[in-house]
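Dumped start-v9.pdb below, it's PDB, C-alpha atoms:
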```pdb
ATOM      1  CA  MET T 176       4.682   2.017  69.485
ATOM      2  CA  LEU T 177       3.204   4.165  66.720
ATOM      3  CA  LYS T 178       6.396   6.250  66.617
ATOM      4  CA  HIS T 179       8.452   3.087  66.319
ATOM      5  CA  ILE T 180       6.380   1.779  63.366
ATOM      6  CA  LYS T 181       6.496   5.166  61.653
ATOM      7  CA  LYS T 182      10.319   5.204  61.579
ATOM      8  CA  ARG T 183      10.736   1.674  60.226
ATOM      9  CA  GLN T 184      11.833   1.334  56.572
ATOM     10  CA  ASP T 185      11.356  -2.445  56.202
ATOM     11  CA  GLY T 186       9.358  -3.269  53.083
ATOM     12  CA  ALA T 187       9.559   0.223  51.571
ATOM     13  CA  VAL T 188      11.671  -1.001  48.662
ATOM     14  CA  LEU T 189       9.127  -3.689  47.876
ATOM     15  CA  ILE T 190       6.305  -1.150  47.689
ATOM     16  CA  GLU T 191       8.394   1.203  45.533
ATOM     17  CA  PHE T 192       9.248  -1.680  43.208
ATOM     18  CA  ALA T 193       5.555  -2.571  42.953
ATOM     19  CA  PHE T 194       4.913   0.954  41.619
ATOM     20  CA  ILE T 195       7.841   0.895  39.186
ATOM     21  CA  ALA T 196       7.666  -2.746  37.991
ATOM     22  CA  PRO T 197       4.762  -2.416  35.498
ATOM     23  CA  VAL T 198       6.416   0.535  33.770
ATOM     24  CA  LEU T 199       9.781  -1.243  33.758
ATOM     25  CA  PHE T 200       8.319  -4.427  32.257
ATOM     26  CA  LEU T 201       6.406  -2.421  29.658
ATOM     27  CA  ILE T 202       9.594  -0.647  28.587
ATOM     28  CA  LEU T 203      11.532  -3.931  28.485
ATOM     29  CA  MET T 204       8.865  -5.586  26.327
ATOM     30  CA  ALA T 205       8.866  -2.575  23.991
ATOM     31  CA  VAL T 206      12.656  -2.757  23.640
ATOM     32  CA  PHE T 207      12.579  -6.518  22.992
ATOM     33  CA  ASP T 208       9.712  -6.221  20.492
ATOM     34  CA  PHE T 209      11.433  -3.361  18.669
ATOM     35  CA  GLY T 210      14.768  -5.221  18.653
ATOM     36  CA  TYR T 211      13.139  -8.400  17.347
ATOM     37  CA  SER T 212      11.438  -6.420  14.603
ATOM     38  CA  ILE T 213      14.688  -4.733  13.561
ATOM     39  CA  TYR T 214      16.527  -8.056  13.547
ATOM     40  CA  ALA T 215      13.791  -9.691  11.440
ATOM     41  CA  ARG T 216      13.839  -6.761   8.969
ATOM     42  CA  THR T 217      17.635  -6.903   8.678
ATOM     43  CA  LEU T 218      17.517 -10.639   8.077
ATOM     44  CA  LEU T 219      14.767 -10.171   5.475
ATOM     45  CA  ASN T 220      16.806  -7.506   3.650
ATOM     46  CA  GLY T 221      19.891  -9.730   3.589
ATOM     47  CA  ALA T 222      17.909 -12.715   2.349
ATOM     48  CA  ILE T 223      16.243 -10.743  -0.436
ATOM     49  CA  GLN T 224      19.558  -9.242  -1.591
ATOM     50  CA  GLU T 225      21.122 -12.684  -1.839
ATOM     51  CA  ALA T 226      18.068 -14.146  -3.564
ATOM     52  CA  ALA T 227      17.919 -11.284  -6.061
ATOM     53  CA  ARG T 228      21.596 -11.699  -6.948
ATOM     54  CA  ASN T 229      21.109 -15.435  -7.414
ATOM     55  CA  SER T 230      17.987 -15.020  -9.556
ATOM     56  CA  ALA T 231      19.708 -12.410 -11.761
ATOM     57  CA  LEU T 232      22.167 -15.071 -12.924
ATOM     58  CA  GLU T 233      21.362 -17.204 -15.934
ATOM     59  CA  SER T 234      21.562 -20.328 -13.762
ATOM     60  CA  GLY T 235      19.216 -18.741 -11.220
ATOM     61  CA  ALA T 236      16.459 -18.341 -13.787
ATOM     62  CA  THR T 237      15.803 -22.070 -13.641
ATOM     63  CA  ASP T 238      16.098 -22.518  -9.870
ATOM     64  CA  LEU T 239      13.569 -19.919  -8.654
ATOM     65  CA  ASP T 240      11.820 -22.358  -6.328
ATOM     66  CA  ASP T 241      15.160 -23.239  -4.707
ATOM     67  CA  ILE T 242      16.033 -19.543  -4.340
ATOM     68  CA  ASP T 243      12.652 -18.806  -2.752
ATOM     69  CA  GLU T 244      13.068 -21.746  -0.398
ATOM     70  CA  LYS T 245      16.443 -20.383   0.771
ATOM     71  CA  VAL T 246      14.795 -17.043   1.561
ATOM     72  CA  ARG T 247      12.101 -18.836   3.546
ATOM     73  CA  GLU T 248      14.667 -20.922   5.429
ATOM     74  CA  ARG T 249      16.756 -17.880   6.399
ATOM     75  CA  VAL T 250      13.741 -15.940   7.611
ATOM     76  CA  GLU T 251      12.159 -18.919   9.380
ATOM     77  CA  ASP T 252      15.319 -19.358  11.459
ATOM     78  CA  VAL T 253      14.324 -16.182  13.305
ATOM     79  CA  VAL T 254      10.581 -15.926  12.573
ATOM     80  CA  PRO T 255       9.428 -19.556  12.438
ATOM     81  CA  PHE T 256       5.742 -18.646  12.545
ATOM     82  CA  GLY T 257       5.772 -15.971   9.827
ATOM     83  CA  GLU T 258       3.924 -15.865   6.529
ATOM     84  CA  ILE T 259       6.223 -15.045   3.593
ATOM     85  CA  ASN T 260       5.014 -13.776   0.219
ATOM     86  CA  ILE T 261       7.469 -13.399  -2.685
ATOM     87  CA  GLU T 262       6.752 -11.415  -5.857
ATOM     88  CA  ARG T 263       8.852 -10.705  -8.918
ATOM     89  CA  LYS T 264       8.070  -8.323 -11.747
ATOM     90  CA  SER T 265      10.222  -7.784 -14.793
ATOM     91  CA  TYR T 266      10.596  -4.557 -16.726
ATOM     92  CA  TYR T 267      12.399  -3.582 -19.907
ATOM     93  CA  GLY T 268      14.404  -0.843 -18.149
ATOM     94  CA  PHE T 269      14.814   0.896 -14.814
ATOM     95  CA  PHE T 270      12.645   3.822 -15.902
ATOM     96  CA  ASP T 271       9.686   1.448 -16.410
ATOM     97  CA  ILE T 272       9.412   0.332 -12.775
ATOM     98  CA  GLU T 273       5.819   0.804 -11.565
ATOM     99  CA  ARG T 274       5.069   3.076 -14.526
ATOM    100  CA  ALA T 275       1.642   3.024 -16.163
ATOM    101  CA  GLU T 276       1.235   2.276 -19.850
ATOM    102  CA  VAL T 277       1.212   5.380 -22.017
ATOM    103  CA  PHE T 278      -2.236   6.560 -23.144
ATOM    104  CA  SER T 279      -3.790   9.632 -24.722
ATOM    105  CA  ASP T 280      -5.697  11.339 -21.950
ATOM    106  CA  ASN T 281      -8.076  13.161 -24.295
ATOM    107  CA  ASP T 282     -10.648  14.015 -21.614
ATOM    108  CA  GLY T 283      -7.990  14.989 -19.016
ATOM    109  CA  ASN T 284      -9.367  12.850 -16.178
ATOM    110  CA  GLY T 285      -6.186  10.805 -15.643
ATOM    111  CA  THR T 286      -7.784   7.428 -16.391
ATOM    112  CA  CYS T 287      -7.767   5.457 -19.599
ATOM    113  CA  ASN T 288     -11.359   5.227 -20.841
ATOM    114  CA  ASP T 289     -12.138   4.813 -24.561
ATOM    115  CA  GLU T 290      -8.784   6.382 -25.415
ATOM    116  CA  PRO T 291      -5.828   4.986 -27.375
ATOM    117  CA  PHE T 292      -2.978   3.466 -25.361
ATOM    118  CA  THR T 293       0.262   1.621 -26.042
ATOM    119  CA  ASP T 294       0.047  -1.977 -24.837
ATOM    120  CA  GLU T 295       3.640  -2.361 -23.673
ATOM    121  CA  ASN T 296       3.323  -5.649 -21.795
ATOM    122  CA  GLY T 297       1.252  -7.370 -24.474
ATOM    123  CA  ASN T 298      -1.690  -8.442 -22.324
ATOM    124  CA  GLY T 299      -4.337  -6.558 -24.331
ATOM    125  CA  THR T 300      -5.499  -4.281 -21.511
ATOM    126  CA  TRP T 301      -4.311  -0.948 -20.101
ATOM    127  CA  ASP T 302      -2.326  -1.400 -16.881
ATOM    128  CA  THR T 303      -1.166   0.988 -14.184
ATOM    129  CA  ASP T 304       2.100  -1.003 -14.077
ATOM    130  CA  VAL T 305       3.881  -2.184 -17.245
ATOM    131  CA  GLY T 306       5.701  -4.952 -15.358
ATOM    132  CA  GLU T 307       5.209  -8.604 -16.131
ATOM    133  CA  SER T 308       5.144 -11.319 -13.499
ATOM    134  CA  GLY T 309       8.384 -13.297 -13.301
ATOM    135  CA  ILE T 310      12.050 -12.542 -13.866
ATOM    136  CA  GLY T 311      11.949 -11.743 -17.576
ATOM    137  CA  GLY T 312      14.929 -12.475 -19.781
ATOM    138  CA  PRO T 313      18.508 -11.331 -20.314
ATOM    139  CA  ARG T 314      19.193  -7.702 -19.355
ATOM    140  CA  ASP T 315      15.644  -7.172 -18.090
ATOM    141  CA  VAL T 316      15.204  -5.306 -14.817
ATOM    142  CA  VAL T 317      13.568  -7.274 -12.003
ATOM    143  CA  LEU T 318      11.763  -5.828  -8.993
ATOM    144  CA  TYR T 319      11.988  -8.455  -6.256
ATOM    145  CA  GLU T 320       9.729  -7.944  -3.225
ATOM    146  CA  VAL T 321       9.270 -10.099  -0.126
ATOM    147  CA  THR T 322       6.568  -9.442   2.455
ATOM    148  CA  LEU T 323       6.707 -10.963   5.932
ATOM    149  CA  ARG T 324       3.777 -11.047   8.360
ATOM    150  CA  TYR T 325       3.922 -12.550  11.821
ATOM    151  CA  ASP T 326       2.119 -12.375  15.151
ATOM    152  CA  ARG T 327       3.995 -10.257  17.664
ATOM    153  CA  ILE T 328       5.716 -12.371  20.289
ATOM    154  CA  PHE T 329       5.264  -9.882  23.133
ATOM    155  CA  PRO T 330       1.775  -8.873  24.304
ATOM    156  CA  LEU T 331       2.776  -5.207  24.242
ATOM    157  CA  TYR T 332       0.278  -4.446  21.481
ATOM    158  CA  ARG T 333      -2.571  -4.976  23.964
ATOM    159  CA  ALA T 334      -1.292  -2.265  26.291
ATOM    160  CA  LEU T 335      -0.655   0.181  23.453
ATOM    161  CA  GLY T 336      -3.693  -0.703  21.359
ATOM    162  CA  THR T 337      -1.630  -1.509  18.259
ATOM    163  CA  ASN T 338      -1.961  -4.240  15.657
ATOM    164  CA  PRO T 339      -1.060  -7.727  16.942
ATOM    165  CA  VAL T 340       0.331  -8.620  13.496
ATOM    166  CA  GLN T 341       3.685  -7.176  12.447
ATOM    167  CA  SER T 342       4.040  -6.686   8.702
ATOM    168  CA  MET T 343       7.201  -5.702   6.865
ATOM    169  CA  SER T 344       8.459  -5.843   3.339
ATOM    170  CA  ALA T 345      11.788  -5.558   1.603
ATOM    171  CA  MET T 346      12.468  -4.961  -2.048
ATOM    172  CA  THR T 347      15.383  -4.679  -4.385
ATOM    173  CA  VAL T 348      15.836  -3.985  -8.071
ATOM    174  CA  LEU T 349      18.484  -5.697 -10.204
ATOM    175  CA  ARG T 350      19.222  -6.121 -13.886
ATOM    176  CA  ASN T 351      19.562  -9.685 -15.134
ATOM    177  CA  GLN T 352      23.010 -10.611 -16.363
ATOM    178  CA  PRO T 353      23.585 -10.235 -20.098
ATOM    179  CA  TYR T 354      23.640 -13.949 -20.911
ATOM    180  CA  GLY T 355      21.931 -13.160 -24.228
ATOM    181  CA  GLN T 356      20.348 -10.317 -26.137
ATOM    182  CA  GLN T 357      17.446  -8.528 -24.498
ATOM    183  CA  ILE T 358      14.199  -9.330 -26.273
ATOM    184  CA  ALA T 359      12.894  -6.248 -28.019
ATOM    185  CA  GLN T 360       9.742  -4.865 -26.484
ATOM    186  CA  GLU T 361       6.854  -5.277 -28.880
ATOM    187  CA  THR T 362       4.017  -2.827 -28.488
ATOM    188  CA  GLN T 363       0.688  -2.288 -30.176
ATOM    189  CA  GLU T 364      -1.789   0.542 -30.143
ATOM    190  CA  LEU T 365      -5.171  -0.366 -28.600
ATOM    191  CA  THR T 366      -8.150   1.480 -27.154
ATOM    192  CA  CYS T 367      -9.096   1.361 -23.487
ATOM    193  CA  SER T 368     -12.436  -0.220 -22.807
TER     194      SER T 368
END
```

Just give me the structure as structure tokens.
Amino acid sequence: MLKHIKKRQDGAVLIEFAFIAPVLFLILMAVFDFGYSIYARTLLNGAIQEAARNSALESGATDLDDIDEKVRERVEDVVPFGEINIERKSYYGFFDIERAEVFSDNDGNGTCNDEPFTDENGNGTWDTDVGESGIGGPRDVVLYEVTLRYDRIFPLYRALGTNPVQSMSAMTVLRNQPYGQQIAQETQELTCS
């Protein structure tokens, strides 16, 4: 009887599947999570490109809330539970993007402290970025950035010990259409405090 039981193969596949199933499901969840993330990022990039083109038009300058709402609607079709943050900064030219205001670094420490600087954005203080919030005016350059945060839909992060919140951002830079003359950049010399 023992010989007869030893030769039987009934149920062997079930036991083998029990060993393989956790790894298989883990790989499937990883593929689905990765695919969902790529799809959400692609959708976010497409939405921001369209929104940036629309806001660069003269007519778009007045409908920013509508443009932002369209971005939210497109993203929420795929990520209905995501948190979307939209930021715009305008610059005089492409070379100004995320550039600090010019200052005389007399002590050579790389920070503006009691030294003269050129206040390029007119706010009265030295800034590490000369950009101004908003879309600026005609021919200004606009950095448009959208950040999306959402809870992962697959519990894979628990098994891998990663963050349960997926965060991604997309940005684009466009020049506003020349629907008028670009406003000359007024600067003044001040001292860092």

(Q) Please determine, counting all atoms listed in the file, which residue among T:Gln356, T:Thr366, T:Ser230, T:Ser342 has the shortest atom-to-atom distance to Gly309 (chain T). (A) T:Ser230

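Closest approach to Pro291 (chain T) from the set T:Leu349, T:Leu189, T:Leu199, T:Leu365 is made by T:Leu365, with distances taken over all atoms listed in the file.
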
(Q) Take the PyMOL selection byres ((chain T and resi 346) around 8), run it mentally on this structure, and tell me the resulting residues as a PyMOL selection string. (A) chain T and resi 220+223+318-321+344-345+347-348

Q) Between T:Tyr325, T:Phe292, T:Tyr332, T:Trp301, which is the closest to Glu364 (chain T) once you count only C-alpha atoms? A) T:Phe292

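The space between CA of Phe200 (chain T) and CA of Arg216 (chain T) spans 24.0 Å.
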